[in-house]
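Participant: The structure's right below; bear with me while I get my questions together.
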There are 2 protein chains.
Amino acid sequence: MGHVIALCGGVGGAKLEFGLSRVLPAADLTIVVNTGDDFEHLGLAIAPDLDTVTYTLAGLADRERGWGLADETWSFMAALTRLGLEDWYLLGDHDLATHVERTRRLAAGETLSAVATDLAARLRVTHALTPMSDQPVRTWVDTDAGPLAFQPYFVRERCAPVARGVRFEGAAGARPSPAFAAALARPDLDAIVICPSNPYLSIDPILAIPKVRAAIEAAAAAVVAVSPIVGGQAIKGPAAKLMRELGHAPSVSAVADHYRGLIDGLVIDTVDAADAAALRKTGLAAHVTGTVMRGDDDRIALAVETLAFAARLGGGRTRRLG
Amino acid sequence: MGHVIALCGGVGGAKLEFGLSRVLPAADLTIVVNTGDDFEHLGLAIAPDLDTVTYTLAGLADRERGWGLADETWSFMAALTRLGLEDWYLLGDHDLATHVERTRRLAAGETLSAVATDLAARLRVTHALTPMSDQPVRTWVDTDAGPLAFQPYFVRERCAPVARGVRFEGAAGARPSPAFAAALARPDLDAIVICPSNPYLSIDPILAIPKVRAAIEAAAAAVVAVSPIVGGQAIKGPAAKLMRELGHAPSVSAVADHYRGLIDGLVIDTVDAADAAALRKTGLAAHVTGTVMRGDDDRIALAVETLAFAARLGGGRTRRLG
C-alpha cells in the first residue's frame with residue numbers, strides 16, 4: 001500500500017490513529033486532526049483534538065479518561081477555583097506546558113502546523129500529525145439555548161441544550177494545512193480513512209474546508225470510514241444525542257447516509273452485522289468486525305482490518321459508480 | 001499615626017510587610033512593590049515580588065522557600081523538561097494560575113496595578129498593594145559575563161557572574177503607579193518604611209522612577225529603612241556578594257551610606273549594635289532591635305518597633321538637617 005491519510009477528531013479517532021501508527025511506517029501515514037474544537041481559554045490556545053492524538057500516539061494519554069495525560073495532577077485547577085476564575089474546563093498541570101508553549105509560539109507568528117509538528121516530535125511521535133488547517137475554524141452549535149461555541153456546549157453545558165444545527169465559523173476562509181494538502185496531492189495516495197470520530201462535530205469541520213470534500217471525492221484512493229455508532233450508541237461522546245436532535249436515528253445507516261458520495265466503504269461493528277446487507281444494497285461496501293477498541297491490540301487489529309478493507313476496495317471505483 | 005507607605009522587593013521585604021499589615025488598618029498602609037524583577041517567560045507575565053508579597057500577606061506563601069505557594073506541586077515543570085523546553089525558572093502548578101490570569105489581563109489592556117489589586121483581593125488581601133509602576137521597568141546586571149536581565153542573572157546563573165553595575169531599563173520613562181503616587185501625595189502621610197530588601201536590586205528600581213526619590217526626600221513624613229544586612233551578611237539573597245562586587249563592604253554603614261539623604265533613621269540588628277554610634281555621628285538616627293524574622297511574631301514585633309521609631313523621629317527633621 002502507498003500513502004494513507006487518516007482524518008480524526010479526539011478520543012475515538014485517536015485510538016484508531018494509534019493503531020494505524022503501529023501498522024504503517026512513519027512515511028506512509030498523514031494524520032489530519034480536527035481543529036473545530038480549538039478555543040482560546042484563559043488566554044491560552046487550546047487544541048483538544050491535536051493534544052489527544054499527540055498524547056495517544058506518544059503513549060502518554062490517560063487510558064481511563066481518553067483525553068489528557070496519564071498521571072496528571074490538578075493543582076492549577078484548584079488555584080483557579082481559589083482565585084474565583086473560570087474553572088469549568090479541566091486543564092491538567094502537565095498538559096498546561098503544551099498550552100503555554102503553543103500559545104507563546106502562535107503569538108510569535110508560528111503556524112499551528114509548525115507548533116503541532118514540533119510538539120509531537122518533542123514527545124517522540126514520528127508519524128506526521130497535522131491540524132486540518134492553520135486558519136482558525138471554530139465549531140458552533142445552534143441550540144434551543146442559543147448559539148454556543150463548541151467547548152461551552154460540550155464541556156460547560158455537557159451537551160444538555162437541544163442542538164438545532166452545527167456550523168464551522170471561519171471554514172469558508174480556511175485552507176487545508178500544508179501537510180494535509182500535500183498528502184491529498186500525492187500520486188501514491190492509496191487510502192483515506194475516516195476514523196470513528198463524531199461525523200457532525202469532528203469530521204464535518206474538516207470537510208467544510210473549501211476543496212477538501214471535492215478532493216476526497218475525486219481521489220483515486222479508496223475512502224473508508226469506521227462507524228462511530230455501534231448498536232445505536234456512540235462509543236464516546238454526544239454523537240448519538242446530537243444525531244437524534246438533528247433528525248437522524250443513530251445507526252450505521254445514518255452514518256452511511258451522512259458520508260454518501262464521499263466514502264467507498266464503511267467498517268461497522270459485529271453488533272450491527274444485520275445492517276451490512278442494507279448498506280451494500282445502496283452501493284456501499286461494508287466490512288463487519290469488532291470496532292470497540294479497549295486495548296492496544298484492539299486498536300492495531302482494527303487498523304489492520306480497515307487498511308485491508310481499503311486495499312480490497314482498490315480505490316475510488318465504488319464511490320464513482322455510486 | 002496617619003498613613004504609611006512601605007517599599008519592598010520580595011522575600012525579606014514581604015515578611016515586614018506582613019507584620020505591618022497585621023499592625024496597621026487596611027486604610028493606613030500602602031505597600032509599594034518592586035517590579036524590576038518582572039519578566040516575560042514562556043510567554044507568561046511573571047511578577048515575582050508582587051506575587052511573593054501577595055502570597056505572604058494572604059498567608060499562602062511557602063515558609064521554607066520564602067517565595068511561591070505552600071503545598072505547591074511541580075508537574076508543569078516536569079512537563080516542560082519532558083518537552084525539552086526552558087526549565088531553569090521554577091513555576092509551581094498553583095502559582096501558574098496567577099501568571100496565566102495576569103498575562104491574559106495585561107494582554108487585554110488592563111494595567112499591572114489593576115491586575116495586582118484584583119488578584120490580591122481574590123486572595124482576601126485587604127491592604128492596598130501596588131506595583132511601583134504600571135510601565136515596565138526591567139533590572140539588568142552588567143557582569144563580567146556581559147549584561148544579564150535580572151532573572152537570568154539571579155536564577156539561571158545563580159548570581160555567579162561578577163557584577164559591575166546595575167541599571168533599570170525603562171525607569172526613565174516610568175511613572176509611579178496611581179496608588180503609589182496618591183499615597184505620596186497624602187497630607188496625612190506620616191511614615192515611609194523601606195523594608196529589609198536588597199537596596200541595589202529591590203529598592204533602587206523604585207527610586208529610579210522619576211520624581212520618586214525627590215518626593216521621598218521632600219516628604220514631611222519620617223523615612224526609615226530596615227537594614228537587610230545583619231552582621232555583614234544578607235539574610236536572604238545576593239545582597240552581600242553584590243555589594244562587595246560593587247565596591248561596598250557589606251555592613252550597616254554601607255546601607256546607611258546608600259540611603260543617605262533619603263532616610264531619617266535606620267533600624268539595625270542587635271548584632272550590629274556597635275555600629276549605632278557611628279551612624280548617629282553622621283546625623284542618622286539608629287534603632288537597634290532584633291531584625292531577623294523567623295515567625296509571625298517576629299514580623300509583627302519588627303513592624304511595631306519600626307513604626308514606633310518612625311513616630312519618634314516625627315517626620316523629615318533629621319534628614320533635612322543632615
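Quick note on naming: the chains in the C-alpha cells go A, B, ... in the order shown, residues restart at 1 in each chain, and ligands are numbered from 1 in order of appearance.
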List as a list in words the protein and nucleic acid residues near segment 161-166 of chain B, meaning an atom at most 8 Å away when only C-alpha atoms are counted, but skip any in the same chain fewer than 5 places from it.
Facilitator: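 Everything that qualifies: Thr139, Trp140, Val141, Asp142, Thr143, Asp144, Ala145, Tyr153, Tyr200, Leu201, Leu242, Glu245 and Leu246 of chain B.
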Participant: Using only C-alpha atoms, which protein or nucleic acid residues come within 12 Å of Gly13 of chain B? Drop anything in the same chain fewer than 3 positions from it, and give the result as a ChimeraX atom specification.
Facilitator: /B:6-10,16-20,31-34,49-50,52-54,56-57,66-67,193-199,202-203,225-228,235-237,291-293,299,302-303
Participant: Residues of chain A within 9 Å of chain B: nearest atom pair and distance (Å, one decimal) for each, counting only C-alpha atoms, sorted by chain and number, as a Markdown table?
Facilitator:
```
| residue | atom | partner | partner_atom | distance |
| --- | --- | --- | --- | --- |
| A:Leu42 | CA | B:Arg104 | CA | 6.4 |
| A:Gly43 | CA | B:Arg104 | CA | 4.9 |
| A:Leu44 | CA | B:Val100 | CA | 8.0 |
| A:Glu72 | CA | B:Ser75 | CA | 7.8 |
| A:Thr73 | CA | B:Ser75 | CA | 6.8 |
| A:Trp74 | CA | B:Asp93 | CA | 8.1 |
| A:Ser75 | CA | B:His94 | CA | 5.2 |
| A:Phe76 | CA | B:His94 | CA | 4.6 |
| A:Met77 | CA | B:His94 | CA | 7.7 |
| A:Ala78 | CA | B:His94 | CA | 7.1 |
| A:Ala79 | CA | B:His94 | CA | 5.0 |
| A:Leu80 | CA | B:Ala97 | CA | 5.8 |
| A:Arg82 | CA | B:Leu123 | CA | 7.5 |
| A:Leu83 | CA | B:Arg122 | CA | 5.4 |
| A:Gly84 | CA | B:Arg122 | CA | 6.9 |
| A:Leu85 | CA | B:Glu101 | CA | 8.4 |
| A:Gly92 | CA | B:Phe76 | CA | 8.6 |
| A:Asp93 | CA | B:Phe76 | CA | 5.1 |
| A:His94 | CA | B:Phe76 | CA | 4.6 |
| A:Asp95 | CA | B:Ala79 | CA | 7.4 |
| A:Leu96 | CA | B:Phe76 | CA | 6.5 |
| A:Ala97 | CA | B:Leu80 | CA | 5.8 |
| A:Thr98 | CA | B:Ala79 | CA | 8.1 |
| A:Val100 | CA | B:Leu42 | CA | 6.9 |
| A:Glu101 | CA | B:Leu42 | CA | 6.6 |
| A:Thr103 | CA | B:Gly43 | CA | 7.5 |
| A:Arg104 | CA | B:Gly43 | CA | 4.9 |
| A:Arg105 | CA | B:Gly43 | CA | 8.3 |
| A:Ala107 | CA | B:Gly43 | CA | 8.4 |
| A:Leu119 | CA | B:Leu83 | CA | 7.3 |
| A:Arg122 | CA | B:Leu83 | CA | 5.4 |
| A:Leu123 | CA | B:Leu83 | CA | 6.4 |
```
Participant: Excluding Val255 of chain B and residues on its chain fewer than 2 positions from it, collect all residues at most 9 Å away from it, counting only C-alpha atoms, and give them as a list in words.
Facilitator: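 Neighbouring residues, sequence-local ones excluded: Pro199, Ser227, Pro228, Ile229, Pro250, Ser251, Val252, Ser253, Asp257, His258, Tyr259, Arg260 and Leu266 of chain B.
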Participant: Taking the chain letters and numbering used in this document, name the residues of segment 132-268 of chain B that DSSP puts in strand (DSSP E or B), as number ranges by chain.
Facilitator: B: 133, 138-143, 146-149, 163-169, 176, 189-194, 222-226, 229-230, 233-234, 265-268
Participant: Using atom CA of Thr270 of chain B and atom CA of Gly314 of chain B as the two end points, give the distance in Å to one decimal.
Facilitator: 23.3 Å
Participant: Hey, can you check how far atom CA of Ile192 of chain A sits from atom CA of Ala234 of chain A?
Facilitator: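 Those two atoms sit 22.1 Å apart.
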Participant: For the atom pair atom CA of Ala218 of chain A and atom CA of Leu262 of chain A, what is the interatomic distance in Å to one decimal place?
Facilitator: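 Atom-to-atom, atom CA of Ala218 of chain A to atom CA of Leu262 of chain A, that is 8.9 Å.
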Participant: According to DSSP computed on the backbone, where in segment 78-284 of chain B is there alpha helix (DSSP H)? Give the residues as a PyMOL selection string.
Facilitator: chain B and resi 78-83+93-107+112-122+150-151+178-184+204-207+212-218+239-245+252-258+276-281
Participant: Write out the residues from the selection above, keeping C-alpha atoms, as a PDB file, in the first residue's frame.
Facilitator:
```
ATOM      1  CA  ALA B  78       8.254  18.129  34.799  1.00  0.00           C
ATOM      2  CA  ALA B  79       6.261  18.520  31.588  1.00  0.00           C
ATOM      3  CA  LEU B  80       8.488  21.386  30.411  1.00  0.00           C
ATOM      4  CA  THR B  81      11.516  19.174  30.959  1.00  0.00           C
ATOM      5  CA  ARG B  82       9.872  16.288  29.103  1.00  0.00           C
ATOM      6  CA  LEU B  83       9.166  18.644  26.199  1.00  0.00           C
ATOM      7  CA  ASP B  93       1.325  24.487  39.351  1.00  0.00           C
ATOM      8  CA  HIS B  94      -0.873  26.563  41.669  1.00  0.00           C
ATOM      9  CA  ASP B  95       1.272  29.647  41.076  1.00  0.00           C
ATOM     10  CA  LEU B  96       0.680  29.284  37.325  1.00  0.00           C
ATOM     11  CA  ALA B  97      -2.946  30.331  37.729  1.00  0.00           C
ATOM     12  CA  THR B  98      -1.699  33.751  38.840  1.00  0.00           C
ATOM     13  CA  HIS B  99       0.644  34.098  35.872  1.00  0.00           C
ATOM     14  CA  VAL B 100      -1.906  32.890  33.320  1.00  0.00           C
ATOM     15  CA  GLU B 101      -4.547  35.287  34.600  1.00  0.00           C
ATOM     16  CA  ARG B 102      -2.135  38.239  34.801  1.00  0.00           C
ATOM     17  CA  THR B 103      -0.881  37.543  31.275  1.00  0.00           C
ATOM     18  CA  ARG B 104      -4.425  37.374  29.921  1.00  0.00           C
ATOM     19  CA  ARG B 105      -5.478  40.623  31.536  1.00  0.00           C
ATOM     20  CA  LEU B 106      -2.359  42.581  30.620  1.00  0.00           C
ATOM     21  CA  ALA B 107      -2.834  41.420  27.023  1.00  0.00           C
ATOM     22  CA  LEU B 112      -0.474  45.875  36.185  1.00  0.00           C
ATOM     23  CA  SER B 113      -1.897  47.846  39.136  1.00  0.00           C
ATOM     24  CA  ALA B 114      -5.440  46.804  38.334  1.00  0.00           C
ATOM     25  CA  VAL B 115      -4.472  43.160  37.938  1.00  0.00           C
ATOM     26  CA  ALA B 116      -2.328  43.125  41.090  1.00  0.00           C
ATOM     27  CA  THR B 117      -5.052  44.739  43.151  1.00  0.00           C
ATOM     28  CA  ASP B 118      -7.700  42.335  41.888  1.00  0.00           C
ATOM     29  CA  LEU B 119      -5.592  39.205  42.320  1.00  0.00           C
ATOM     30  CA  ALA B 120      -4.708  40.255  45.860  1.00  0.00           C
ATOM     31  CA  ALA B 121      -8.378  40.903  46.644  1.00  0.00           C
ATOM     32  CA  ARG B 122      -9.296  37.451  45.286  1.00  0.00           C
ATOM     33  CA  PHE B 150      17.702  40.079  36.322  1.00  0.00           C
ATOM     34  CA  GLN B 151      16.150  36.614  36.364  1.00  0.00           C
ATOM     35  CA  PRO B 178      -1.578  55.642  40.614  1.00  0.00           C
ATOM     36  CA  ALA B 179      -1.848  54.211  44.135  1.00  0.00           C
ATOM     37  CA  PHE B 180       1.830  54.933  44.849  1.00  0.00           C
ATOM     38  CA  ALA B 181       1.547  58.499  43.552  1.00  0.00           C
ATOM     39  CA  ALA B 182      -1.656  59.067  45.530  1.00  0.00           C
ATOM     40  CA  ALA B 183      -0.062  57.774  48.734  1.00  0.00           C
ATOM     41  CA  LEU B 184       2.997  60.009  48.263  1.00  0.00           C
ATOM     42  CA  ASP B 204      16.836  51.207  43.773  1.00  0.00           C
ATOM     43  CA  PRO B 205      14.418  50.347  40.907  1.00  0.00           C
ATOM     44  CA  ILE B 206      11.646  52.075  42.862  1.00  0.00           C
ATOM     45  CA  LEU B 207      13.865  55.101  43.485  1.00  0.00           C
ATOM     46  CA  VAL B 212      10.043  59.227  43.409  1.00  0.00           C
ATOM     47  CA  ARG B 213      13.356  59.898  45.152  1.00  0.00           C
ATOM     48  CA  ALA B 214      12.665  63.628  45.203  1.00  0.00           C
ATOM     49  CA  ALA B 215       9.174  63.078  46.592  1.00  0.00           C
ATOM     50  CA  ILE B 216      10.531  60.895  49.393  1.00  0.00           C
ATOM     51  CA  GLU B 217      13.328  63.352  50.159  1.00  0.00           C
ATOM     52  CA  ALA B 218      10.815  66.178  50.289  1.00  0.00           C
ATOM     53  CA  ALA B 239      22.898  41.442  48.574  1.00  0.00           C
ATOM     54  CA  ALA B 240      26.238  40.919  50.323  1.00  0.00           C
ATOM     55  CA  LYS B 241      28.021  39.423  47.283  1.00  0.00           C
ATOM     56  CA  LEU B 242      26.648  42.137  45.025  1.00  0.00           C
ATOM     57  CA  MET B 243      27.626  44.893  47.460  1.00  0.00           C
ATOM     58  CA  ARG B 244      31.212  43.622  47.563  1.00  0.00           C
ATOM     59  CA  GLU B 245      31.363  43.435  43.767  1.00  0.00           C
ATOM     60  CA  VAL B 252      25.001  48.560  58.037  1.00  0.00           C
ATOM     61  CA  SER B 253      27.250  51.572  57.389  1.00  0.00           C
ATOM     62  CA  ALA B 254      27.211  50.806  53.682  1.00  0.00           C
ATOM     63  CA  VAL B 255      23.414  50.541  53.775  1.00  0.00           C
ATOM     64  CA  ALA B 256      23.294  53.864  55.602  1.00  0.00           C
ATOM     65  CA  ASP B 257      25.608  55.446  53.025  1.00  0.00           C
ATOM     66  CA  HIS B 258      23.459  54.107  50.204  1.00  0.00           C
ATOM     67  CA  ALA B 276      24.850  52.581  66.020  1.00  0.00           C
ATOM     68  CA  ALA B 277      27.125  55.268  67.441  1.00  0.00           C
ATOM     69  CA  ALA B 278      28.936  55.700  64.138  1.00  0.00           C
ATOM     70  CA  LEU B 279      25.625  56.060  62.316  1.00  0.00           C
ATOM     71  CA  ARG B 280      24.421  58.659  64.785  1.00  0.00           C
ATOM     72  CA  LYS B 281      27.659  60.631  64.344  1.00  0.00           C
TER      73      LYS B 281
END
```
Participant: What lies within 9 Å of Glu305 of chain B using only C-alpha atoms, ignoring chain neighbours under 6 positions off, as number ranges by chain?
Facilitator: B: 267, 287, 289
